[in-house]
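What follows is the content of work-v8.cif, which has mmCIF, C-alpha atoms and all ligand atoms; chains and numbers go by the auth columns:
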```cif
data_target
#
loop_
_atom_site.group_PDB
_atom_site.id
_atom_site.type_symbol
_atom_site.label_atom_id
_atom_site.label_comp_id
_atom_site.label_asym_id
_atom_site.label_seq_id
_atom_site.Cartn_x
_atom_site.Cartn_y
_atom_site.Cartn_z
_atom_site.B_iso_or_equiv
_atom_site.auth_seq_id
_atom_site.auth_asym_id
ATOM 1 C CA MET A 1 6.854 8.517 -19.513 0.00 269 A
ATOM 2 C CA GLY A 2 6.439 7.093 -22.903 0.00 270 A
ATOM 3 C CA GLU A 3 4.621 4.027 -24.062 0.00 271 A
ATOM 4 C CA MET A 4 1.015 3.006 -23.555 0.00 272 A
ATOM 5 C CA THR A 5 2.123 0.320 -21.099 0.00 273 A
ATOM 6 C CA GLU A 6 3.086 3.086 -18.687 0.00 274 A
ATOM 7 C CA LEU A 7 -0.566 4.059 -18.637 0.00 275 A
ATOM 8 C CA ARG A 8 -1.554 0.776 -17.001 0.00 276 A
ATOM 9 C CA ALA A 9 -1.353 0.057 -13.307 0.00 277 A
ATOM 10 C CA ASP A 10 1.828 -1.593 -12.068 0.00 278 A
ATOM 11 C CA CYS A 11 1.028 -2.383 -8.443 0.00 279 A
ATOM 12 C CA THR A 12 4.556 -3.689 -7.833 0.00 280 A
ATOM 13 C CA ARG A 13 5.864 -0.103 -8.144 0.00 281 A
ATOM 14 C CA CYS A 14 3.090 1.600 -6.174 0.00 282 A
ATOM 15 C CA ALA A 15 2.490 2.138 -2.459 0.00 283 A
ATOM 16 C CA ALA A 16 -1.099 0.879 -2.793 0.00 284 A
ATOM 17 C CA LEU A 17 -2.490 4.383 -3.251 0.00 285 A
ATOM 18 C CA CYS A 18 -5.781 3.103 -4.655 0.00 286 A
ATOM 19 C CA CYS A 19 -6.278 1.072 -1.465 0.00 287 A
ATOM 20 C CA VAL A 20 -6.028 4.108 0.772 0.00 288 A
ATOM 21 C CA VAL A 21 -6.867 7.350 -1.081 0.00 289 A
ATOM 22 C CA PRO A 22 -10.503 6.812 -2.206 0.00 290 A
ATOM 23 C CA ALA A 23 -13.509 6.378 0.032 0.00 291 A
ATOM 24 C CA PHE A 24 -15.519 3.158 -0.322 0.00 292 A
ATOM 25 C CA LEU A 25 -19.222 2.842 0.225 0.00 293 A
ATOM 26 C CA ALA A 26 -20.508 -0.637 1.046 0.00 294 A
ATOM 27 C CA SER A 27 -22.237 -1.777 -2.122 0.00 295 A
ATOM 28 C CA ALA A 28 -22.188 -4.447 -4.813 0.00 296 A
ATOM 29 C CA ASP A 29 -18.626 -3.328 -5.592 0.00 297 A
ATOM 30 C CA PHE A 30 -17.198 -3.049 -2.068 0.00 298 A
ATOM 31 C CA ALA A 31 -17.986 -5.162 0.952 0.00 299 A
ATOM 32 C CA ILE A 32 -17.077 -2.376 3.364 0.00 300 A
ATOM 33 C CA THR A 33 -17.380 1.344 3.921 0.00 301 A
ATOM 34 C CA LYS A 34 -14.178 3.251 4.520 0.00 302 A
ATOM 35 C CA LYS A 35 -13.235 6.910 4.560 0.00 303 A
ATOM 36 C CA ALA A 36 -10.956 8.608 2.059 0.00 304 A
ATOM 37 C CA GLY A 37 -7.334 8.425 3.215 0.00 305 A
ATOM 38 C CA GLN A 38 -8.003 5.434 5.461 0.00 306 A
ATOM 39 C CA PRO A 39 -6.148 2.231 4.491 0.00 307 A
ATOM 40 C CA CYS A 40 -8.337 -0.699 3.522 0.00 308 A
ATOM 41 C CA PRO A 41 -8.246 -3.299 6.326 0.00 309 A
ATOM 42 C CA ASN A 42 -7.228 -5.933 3.772 0.00 310 A
ATOM 43 C CA LEU A 43 -4.047 -4.059 2.909 0.00 311 A
ATOM 44 C CA ARG A 44 -0.910 -5.794 4.161 0.00 312 A
ATOM 45 C CA THR A 45 2.145 -4.016 5.507 0.00 313 A
ATOM 46 C CA ASP A 46 4.027 -4.820 2.289 0.00 314 A
ATOM 47 C CA PHE A 47 1.376 -2.862 0.320 0.00 315 A
ATOM 48 C CA ARG A 48 -0.071 -6.002 -1.227 0.00 316 A
ATOM 49 C CA CYS A 49 -3.695 -7.039 -0.953 0.00 317 A
ATOM 50 C CA GLY A 50 -4.330 -9.747 1.630 0.00 318 A
ATOM 51 C CA ILE A 51 -7.281 -11.160 -0.320 0.00 319 A
ATOM 52 C CA HIS A 52 -6.016 -10.623 -3.851 0.00 320 A
ATOM 53 C CA SER A 53 -6.923 -14.078 -5.164 0.00 321 A
ATOM 54 C CA ASP A 54 -10.330 -13.928 -3.560 0.00 322 A
ATOM 55 C CA LEU A 55 -11.543 -10.390 -4.234 0.00 323 A
ATOM 56 C CA ARG A 56 -14.736 -11.197 -6.115 0.00 324 A
ATOM 57 C CA ASP A 57 -15.880 -13.895 -3.687 0.00 325 A
ATOM 58 C CA ARG A 58 -15.186 -11.552 -0.769 0.00 326 A
ATOM 59 C CA GLY A 59 -17.322 -8.757 -2.251 0.00 327 A
ATOM 60 C CA PHE A 60 -14.563 -6.498 -3.620 0.00 328 A
ATOM 61 C CA THR A 61 -15.402 -6.633 -7.313 0.00 329 A
ATOM 62 C CA GLY A 62 -14.668 -2.920 -7.545 0.00 330 A
ATOM 63 C CA CYS A 63 -11.001 -3.606 -6.829 0.00 331 A
ATOM 64 C CA THR A 64 -10.762 -6.084 -9.705 0.00 332 A
ATOM 65 C CA VAL A 65 -11.954 -3.576 -12.287 0.00 333 A
ATOM 66 C CA PHE A 66 -10.031 -0.497 -11.192 0.00 334 A
ATOM 67 C CA ASP A 67 -7.101 0.785 -13.237 0.00 335 A
ATOM 68 C CA CYS A 68 -5.165 3.884 -12.199 0.00 336 A
ATOM 69 C CA PHE A 69 -3.762 4.261 -15.735 0.00 337 A
ATOM 70 C CA GLY A 70 -0.265 4.110 -14.253 0.00 338 A
ATOM 71 C CA ALA A 71 -0.807 7.052 -11.903 0.00 339 A
ATOM 72 C CA GLY A 72 0.082 4.986 -8.839 0.00 340 A
ATOM 73 C CA GLN A 73 3.570 4.049 -9.925 0.00 341 A
ATOM 74 C CA ARG A 74 4.259 7.486 -11.357 0.00 342 A
ATOM 75 C CA VAL A 75 3.376 9.217 -8.102 0.00 343 A
ATOM 76 C CA THR A 76 5.203 6.691 -5.945 0.00 344 A
ATOM 77 C CA GLN A 77 8.359 6.339 -7.995 0.00 345 A
ATOM 78 C CA GLU A 78 8.757 9.457 -10.106 0.00 346 A
ATOM 79 C CA LEU A 79 7.169 12.181 -8.004 0.00 347 A
ATOM 80 C CA PHE A 80 8.000 10.896 -4.518 0.00 348 A
ATOM 81 C CA GLY A 81 11.235 9.013 -5.208 0.00 349 A
ATOM 82 C CA GLY A 82 9.965 5.626 -4.047 0.00 350 A
ATOM 83 C CA LYS A 83 8.793 6.894 -0.653 0.00 351 A
ATOM 84 C CA ASP A 84 5.522 5.716 0.805 0.00 352 A
ATOM 85 C CA TRP A 85 2.863 7.153 3.082 0.00 353 A
ATOM 86 C CA ARG A 86 3.548 4.702 5.921 0.00 354 A
ATOM 87 C CA SER A 87 7.258 5.244 6.392 0.00 355 A
ATOM 88 C CA ALA A 88 7.024 8.946 5.537 0.00 356 A
ATOM 89 C CA PRO A 89 3.701 10.046 7.079 0.00 357 A
ATOM 90 C CA GLU A 90 4.631 13.708 6.660 0.00 358 A
ATOM 91 C CA LEU A 91 4.149 13.193 2.902 0.00 359 A
ATOM 92 C CA ARG A 92 0.782 11.582 3.287 0.00 360 A
ATOM 93 C CA GLN A 93 -1.579 14.448 2.481 0.00 361 A
ATOM 94 C CA ARG A 94 0.501 15.814 -0.359 0.00 362 A
ATOM 95 C CA MET A 95 1.024 12.388 -1.884 0.00 363 A
ATOM 96 C CA PHE A 96 -2.686 11.579 -1.737 0.00 364 A
ATOM 97 C CA GLY A 97 -3.633 14.905 -3.305 0.00 365 A
ATOM 98 C CA VAL A 98 -1.075 14.516 -6.068 0.00 366 A
ATOM 99 C CA TYR A 99 -2.301 10.996 -6.781 0.00 367 A
ATOM 100 C CA GLU A 100 -5.849 12.211 -7.325 0.00 368 A
ATOM 101 C CA VAL A 101 -4.670 14.833 -9.825 0.00 369 A
ATOM 102 C CA VAL A 102 -2.301 12.507 -11.693 0.00 370 A
ATOM 103 C CA LEU A 103 -5.005 9.847 -11.862 0.00 371 A
ATOM 104 C CA HIS A 104 -7.222 12.246 -13.842 0.00 372 A
ATOM 105 C CA LEU A 105 -4.340 13.363 -16.053 0.00 373 A
ATOM 106 C CA HIS A 106 -3.283 9.818 -16.854 0.00 374 A
ATOM 107 C CA GLU A 107 -6.823 8.902 -17.789 0.00 375 A
ATOM 108 C CA LEU A 108 -6.815 11.792 -20.287 0.00 376 A
ATOM 109 C CA LEU A 109 -3.408 10.675 -21.566 0.00 377 A
ATOM 110 C CA TYR A 110 -4.736 7.179 -22.111 0.00 378 A
ATOM 111 C CA TYR A 111 -7.592 8.422 -24.271 0.00 379 A
ATOM 112 C CA LEU A 112 -5.376 10.831 -26.195 0.00 380 A
ATOM 113 C CA ARG A 113 -2.943 8.072 -27.024 0.00 381 A
ATOM 114 C CA ALA A 114 -5.779 5.725 -27.920 0.00 382 A
ATOM 115 C CA ALA A 115 -7.021 8.377 -30.362 0.00 383 A
ATOM 116 C CA ARG A 116 -3.520 8.897 -31.726 0.00 384 A
ATOM 117 C CA ALA A 117 -3.406 5.219 -32.657 0.00 385 A
ATOM 118 C CA PHE A 118 -6.028 5.819 -35.335 0.00 386 A
ATOM 119 C CA ASP A 119 -5.935 9.572 -36.009 0.00 387 A
ATOM 120 C CA ASP A 120 -3.064 11.840 -37.019 0.00 388 A
ATOM 121 C CA ASP A 121 -4.308 15.142 -35.603 0.00 389 A
ATOM 122 C CA PRO A 122 -1.097 16.829 -34.360 0.00 390 A
ATOM 123 C CA ASP A 123 -3.074 18.402 -31.501 0.00 391 A
ATOM 124 C CA LEU A 124 -3.373 14.946 -29.956 0.00 392 A
ATOM 125 C CA ASP A 125 0.399 14.741 -29.602 0.00 393 A
ATOM 126 C CA ALA A 126 0.768 18.343 -28.494 0.00 394 A
ATOM 127 C CA THR A 127 -1.907 17.973 -25.832 0.00 395 A
ATOM 128 C CA SER A 128 -0.454 14.662 -24.642 0.00 396 A
ATOM 129 C CA ALA A 129 2.932 16.293 -24.219 0.00 397 A
ATOM 130 C CA ALA A 130 1.426 19.220 -22.316 0.00 398 A
ATOM 131 C CA ILE A 131 -0.513 16.910 -19.980 0.00 399 A
ATOM 132 C CA ASP A 132 2.537 14.748 -19.441 0.00 400 A
ATOM 133 C CA THR A 133 4.425 17.855 -18.380 0.00 401 A
ATOM 134 C CA ALA A 134 1.576 18.862 -16.057 0.00 402 A
ATOM 135 C CA ALA A 135 1.613 15.414 -14.471 0.00 403 A
ATOM 136 C CA ALA A 136 5.315 15.788 -13.705 0.00 404 A
ATOM 137 C CA ASP A 137 4.513 18.882 -11.620 0.00 405 A
ATOM 138 C CA PRO A 138 0.843 18.607 -10.638 0.00 406 A
ATOM 139 C CA SER A 139 0.864 21.255 -7.899 0.00 407 A
ATOM 140 C CA ASP A 140 -1.344 23.731 -9.773 0.00 408 A
ATOM 141 C CA VAL A 141 -3.415 21.734 -12.245 0.00 409 A
ATOM 142 C CA ASP A 142 -6.942 22.604 -13.353 0.00 410 A
ATOM 143 C CA ILE A 143 -8.422 19.208 -14.243 0.00 411 A
ATOM 144 C CA HIS A 144 -11.637 20.724 -15.505 0.00 412 A
ATOM 145 C CA ALA A 145 -9.736 22.901 -17.978 0.00 413 A
ATOM 146 C CA TRP A 146 -7.811 19.901 -19.259 0.00 414 A
ATOM 147 C CA ARG A 147 -11.012 17.938 -19.727 0.00 415 A
ATOM 148 C CA GLU A 148 -12.504 20.861 -21.647 0.00 416 A
ATOM 149 C CA ARG A 149 -9.482 20.872 -23.929 0.00 417 A
ATOM 150 C CA VAL A 150 -9.266 17.116 -24.465 0.00 418 A
ATOM 151 C CA GLY A 151 -12.974 16.377 -24.946 0.00 419 A
ATOM 152 C CA PRO A 152 -13.368 18.056 -28.370 0.00 420 A
ATOM 153 C CA LEU A 153 -10.150 16.458 -29.642 0.00 421 A
ATOM 154 C CA LEU A 154 -11.404 12.977 -28.797 0.00 422 A
ATOM 155 C CA GLU A 155 -14.831 13.779 -30.180 0.00 423 A
ATOM 156 C CA ALA A 156 -13.408 14.938 -33.500 0.00 424 A
ATOM 157 C CA ALA A 157 -11.056 11.954 -33.802 0.00 425 A
ATOM 158 C CA SER A 158 -13.925 9.580 -33.108 0.00 426 A
ATOM 159 C CA ALA A 159 -16.159 11.266 -35.702 0.00 427 A
ATOM 160 C CA ARG A 160 -13.455 11.013 -38.352 0.00 428 A
ATOM 161 C CA ARG A 161 -12.878 7.354 -37.564 0.00 429 A
ATOM 162 C CA ARG A 162 -16.577 6.517 -37.738 0.00 430 A
ATOM 163 C CA ASP A 163 -17.300 8.660 -40.774 0.00 431 A
ATOM 164 C CA GLY A 164 -19.195 6.849 -43.515 0.00 432 A
ATOM 165 C CA LEU A 165 -20.300 3.924 -41.379 0.00 433 A
ATOM 166 C CA GLY A 166 -23.762 5.313 -40.682 0.00 434 A
ATOM 167 C CA GLY A 167 -23.470 4.685 -36.973 0.00 435 A
ATOM 168 C CA VAL A 168 -26.174 6.046 -34.724 0.00 436 A
ATOM 169 C CA SER A 169 -25.660 7.962 -31.505 0.00 437 A
ATOM 170 C CA ARG A 170 -26.638 6.200 -28.322 0.00 438 A
ATOM 171 C CA ARG A 171 -24.713 8.663 -26.242 0.00 439 A
ATOM 172 C CA GLY A 172 -25.650 8.452 -22.582 0.00 440 A
ATOM 173 C CA ALA A 173 -28.480 6.054 -23.391 0.00 441 A
ATOM 174 C CA ASP A 174 -30.008 3.874 -20.718 0.00 442 A
ATOM 175 C CA LEU A 175 -29.535 0.399 -22.185 0.00 443 A
ATOM 176 C CA MET A 176 -29.327 -1.426 -18.875 0.00 444 A
ATOM 177 C CA GLY A 177 -30.292 -5.075 -19.124 0.00 445 A
ATOM 178 C CA ARG A 178 -31.329 -4.689 -22.761 0.00 446 A
ATOM 179 C CA ASP A 179 -30.867 -7.360 -25.391 0.00 447 A
ATOM 180 C CA LEU A 180 -28.772 -5.452 -27.939 0.00 448 A
ATOM 181 C CA ARG A 181 -27.936 -8.372 -30.189 0.00 449 A
ATOM 182 C CA THR A 182 -30.042 -7.022 -33.045 0.00 450 A
ATOM 183 C CA MET A 183 -29.196 -3.358 -32.555 0.00 451 A
ATOM 184 C CA ARG A 184 -26.951 -1.874 -35.219 0.00 452 A
ATOM 185 C CA LEU A 185 -23.921 -0.559 -33.364 0.00 453 A
ATOM 186 C CA ARG A 186 -21.283 -0.604 -36.087 0.00 454 A
ATOM 187 C CA GLY A 187 -19.723 2.857 -36.167 0.00 455 A
ATOM 188 C CA ALA A 188 -22.111 4.027 -33.458 0.00 456 A
ATOM 189 C CA THR A 189 -21.275 5.995 -30.373 0.00 457 A
ATOM 190 C CA LEU A 190 -22.128 4.542 -26.991 0.00 458 A
ATOM 191 C CA ARG A 191 -20.286 7.271 -25.112 0.00 459 A
ATOM 192 C CA GLY A 192 -21.375 7.363 -21.515 0.00 460 A
ATOM 193 C CA ALA A 193 -24.172 4.887 -22.227 0.00 461 A
ATOM 194 C CA TYR A 194 -25.339 2.580 -19.460 0.00 462 A
ATOM 195 C CA CYS A 195 -24.989 -0.969 -20.776 0.00 463 A
ATOM 196 C CA ILE A 196 -24.962 -2.601 -17.354 0.00 464 A
ATOM 197 C CA GLY A 197 -26.029 -6.226 -17.781 0.00 465 A
ATOM 198 C CA ALA A 198 -26.862 -5.676 -21.456 0.00 466 A
ATOM 199 C CA ASN A 199 -26.471 -8.494 -23.943 0.00 467 A
ATOM 200 C CA LEU A 200 -23.906 -7.540 -26.575 0.00 468 A
ATOM 201 C CA SER A 201 -23.034 -11.115 -27.464 0.00 469 A
ATOM 202 C CA GLY A 202 -21.842 -11.409 -31.038 0.00 470 A
ATOM 203 C CA VAL A 203 -22.686 -7.770 -31.800 0.00 471 A
ATOM 204 C CA ASP A 204 -20.715 -6.016 -34.530 0.00 472 A
ATOM 205 C CA LEU A 205 -18.765 -3.354 -32.640 0.00 473 A
ATOM 206 C CA PHE A 206 -16.545 -2.252 -35.515 0.00 474 A
ATOM 207 C CA ARG A 207 -15.403 1.284 -34.683 0.00 475 A
ATOM 208 C CA THR A 208 -18.019 1.659 -31.989 0.00 476 A
ATOM 209 C CA ASP A 209 -17.078 4.495 -29.644 0.00 477 A
ATOM 210 C CA LEU A 210 -17.089 3.102 -26.086 0.00 478 A
ATOM 211 C CA LEU A 211 -15.635 6.063 -24.237 0.00 479 A
ATOM 212 C CA GLY A 212 -17.061 5.932 -20.733 0.00 480 A
ATOM 213 C CA THR A 213 -19.620 3.252 -21.597 0.00 481 A
ATOM 214 C CA ASP A 214 -20.640 1.391 -18.465 0.00 482 A
ATOM 215 C CA LEU A 215 -20.169 -2.271 -19.359 0.00 483 A
ATOM 216 C CA ARG A 216 -20.532 -3.741 -15.883 0.00 484 A
ATOM 217 C CA GLY A 217 -21.923 -7.242 -16.243 0.00 485 A
ATOM 218 C CA ALA A 218 -22.507 -6.774 -19.983 0.00 486 A
ATOM 219 C CA LEU A 219 -22.352 -9.994 -22.001 0.00 487 A
ATOM 220 C CA LEU A 220 -19.616 -9.901 -24.613 0.00 488 A
ATOM 221 C CA HIS A 221 -19.497 -13.539 -25.632 0.00 489 A
ATOM 222 C CA GLY A 222 -18.464 -13.816 -29.268 0.00 490 A
ATOM 223 C CA ALA A 223 -18.111 -10.031 -29.580 0.00 491 A
ATOM 224 C CA ASP A 224 -15.155 -8.592 -31.459 0.00 492 A
ATOM 225 C CA LEU A 225 -13.741 -5.616 -29.553 0.00 493 A
ATOM 226 C CA ARG A 226 -10.535 -5.267 -31.553 0.00 494 A
ATOM 227 C CA GLU A 227 -11.661 -2.210 -33.518 0.00 495 A
ATOM 228 C CA THR A 228 -13.690 -0.461 -30.857 0.00 496 A
ATOM 229 C CA LEU A 229 -12.693 3.075 -29.925 0.00 497 A
ATOM 230 C CA PHE A 230 -11.498 4.110 -26.450 0.00 498 A
ATOM 231 C CA LEU A 231 -11.988 0.731 -24.785 0.00 499 A
ATOM 232 C CA THR A 232 -10.229 0.358 -21.417 0.00 500 A
ATOM 233 C CA GLN A 233 -9.062 -2.695 -19.519 0.00 501 A
ATOM 234 C CA SER A 234 -11.404 -1.681 -16.693 0.00 502 A
ATOM 235 C CA GLN A 235 -14.395 -1.947 -19.016 0.00 503 A
ATOM 236 C CA VAL A 236 -13.280 -5.401 -20.128 0.00 504 A
ATOM 237 C CA ASP A 237 -12.718 -6.503 -16.539 0.00 505 A
ATOM 238 C CA ALA A 238 -16.170 -5.309 -15.534 0.00 506 A
ATOM 239 C CA ALA A 239 -17.922 -7.153 -18.369 0.00 507 A
ATOM 240 C CA ARG A 240 -18.515 -10.843 -18.917 0.00 508 A
ATOM 241 C CA GLY A 241 -17.060 -12.753 -21.838 0.00 509 A
ATOM 242 C CA ASP A 242 -15.325 -15.959 -22.725 0.00 510 A
ATOM 243 C CA ALA A 243 -12.720 -17.456 -25.018 0.00 511 A
ATOM 244 C CA THR A 244 -14.743 -16.373 -28.051 0.00 512 A
ATOM 245 C CA THR A 245 -14.554 -12.685 -27.121 0.00 513 A
ATOM 246 C CA ARG A 246 -11.902 -10.997 -29.238 0.00 514 A
ATOM 247 C CA LEU A 247 -9.851 -8.345 -27.459 0.00 515 A
ATOM 248 C CA PRO A 248 -7.547 -5.642 -28.831 0.00 516 A
ATOM 249 C CA GLU A 249 -3.836 -6.325 -28.722 0.00 517 A
ATOM 250 C CA GLY A 250 -2.345 -5.699 -25.286 0.00 518 A
ATOM 251 C CA PHE A 251 -5.556 -6.322 -23.355 0.00 519 A
ATOM 252 C CA ARG A 252 -5.735 -9.056 -20.676 0.00 520 A
ATOM 253 C CA ARG A 253 -8.481 -11.646 -20.682 0.00 521 A
ATOM 254 C CA PRO A 254 -10.055 -11.404 -17.203 0.00 522 A
ATOM 255 C CA ARG A 255 -9.582 -14.392 -14.942 0.00 523 A
ATOM 256 C CA HIS A 256 -13.248 -14.514 -14.048 0.00 524 A
ATOM 257 C CA TRP A 257 -14.338 -15.045 -17.659 0.00 525 A
ATOM 258 C CA ALA A 258 -15.339 -18.614 -18.446 0.00 526 A
HETATM 259 S S1 LIG B . -9.525 -5.299 -0.928 0.00 601 B
HETATM 260 FE FE1 LIG B . -7.366 -5.427 -1.503 0.00 601 B
HETATM 261 S S2 LIG B . -7.228 -4.434 -3.532 0.00 601 B
HETATM 262 FE FE2 LIG B . -9.170 -3.822 -2.601 0.00 601 B
HETATM 263 S S3 LIG B . -8.713 -1.884 -1.553 0.00 601 B
HETATM 264 FE FE3 LIG B . -8.491 -3.527 -0.054 0.00 601 B
HETATM 265 S S4 LIG B . -6.308 -4.063 -0.091 0.00 601 B
HETATM 266 FE FE4 LIG B . -6.747 -2.894 -1.952 0.00 601 B
#
```
Spit out the file's structure as structure tokens when you get a sec.
Amino acid sequence: MGEMTELRADCTRCAALCCVVPAFLASADFAITKKAGQPCPNLRTDFRCGIHSDLRDRGFTGCTVFDCFGAGQRVTQELFGGKDWRSAPELRQRMFGVYEVVLHLHELLYYLRAARAFDDDPDLDATSAAIDTAAADPSDVDIHAWRERVGPLLEAASARRRDGLGGVSRRGADLMGRDLRTMRLRGATLRGAYCIGANLSGVDLFRTDLLGTDLRGALLHGADLRETLFLTQSQVDAARGDATTRLPEGFRRPRHWA
């Protein structure tokens, strides 16, 4: 483990764990219902998606916005030596359980490293190292305890980064479908806020904390996301933008954006 790129999904090195481990409920995000541990019917024998280029039109938007933060390839390659649940069915239950734990740990690692990019608290590094070690041997991991430890670190780093900007707290706010173009969000926190379908076009998001903000269908045309805090590729993929939307370095512009 090392660089941030290892905290992004690399499906070419994974045995399609995200296509089999979670349960799906037929909804706007998934066209079908399936049980946890049951392979998606669209999954091919080579562990590639049979409808990859057509996911949104076929009702699988949820698949296009999911990111395992690199847990899939770590479990498949590093923890199970390249084995997969089809050719080694005896590993199936253990592999699936490990994947669920590592998925949570990698998400925490992603946020810790995102914080480390703008804050020099040595606890961020120490906690990252400890979580990385836990992910290498996830047999007895208390996810809740790790979340309790990481949460205050991220909170403090965010507060330091936003200090002096006069940003308001919209933590957990219900902003669904709202026109936010005139709302002052510079230096604000939108942690856990519901911005589904909200209009954030052209909004000043300088050092706006977006940890866990639900941006599904949010309009980001002309918005500058380069200095936002804790943005994920999944959030970008779930939102709507265009060529005028400015993304942080290393982020992909979604194919479905105009
Ligand atoms: S539709 Fe494709 S990407 Fe989505 S779960 Fe099924 S096989 Fe995987």
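For the file shown, the residue list from the PyMOL selection byres (((not hetatm)) within 6 of (chain B and resi 601)) reads Cys287, Cys308, Asn310, Leu311, Cys317, Ile319, His320, Phe328 and Cys331 of chain A.
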* Non-local contacts of Leu359 (chain A) (12 Å; only C-alpha atoms; under 4 positions in same chain excluded) as a PyMOL selection string -> chain A and resi 343-344+347-355+363-367
Counting only C-alpha atoms, closest pick from A:Leu275, A:Ala491, A:Leu377, A:Ala456 relative to Leu433 (chain A) is A:Ala456
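The interatomic distance for the pair CA of Pro516 (chain A) and CA of Leu422 (chain A) works out to 19.0 Å.
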**Item:** 7 Å contact set for Gly470 (chain A), only C-alpha atoms, chain neighbours under 5 positions out, as a PyMOL selection string
**Value:** chain A and resi 449+488-491
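Applied to this file, the PyMOL selection byres (((chain A and resi 416-420) around 9) and not hetatm) selects Leu376, Tyr379, Leu380, Leu392, Thr395, Ile411, His412, Ala413, Trp414, Arg415, Leu421, Leu422, Glu423, Ala424 and Ala425 of chain A.
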Resolved residues for the PyMOL selection byres (((chain A and resi 442) around 8) and not hetatm) as a PDB file with C-alpha atoms, in the coordinates of the input:
```pdb
ATOM      1  CA  GLY A 440     -25.650   8.452 -22.582  1.00  0.00           C
ATOM      2  CA  ALA A 441     -28.480   6.054 -23.391  1.00  0.00           C
ATOM      3  CA  LEU A 443     -29.535   0.399 -22.185  1.00  0.00           C
ATOM      4  CA  MET A 444     -29.327  -1.426 -18.875  1.00  0.00           C
ATOM      5  CA  ALA A 461     -24.172   4.887 -22.227  1.00  0.00           C
ATOM      6  CA  TYR A 462     -25.339   2.580 -19.460  1.00  0.00           C
ATOM      7  CA  CYS A 463     -24.989  -0.969 -20.776  1.00  0.00           C
TER       8      CYS A 463
END
```
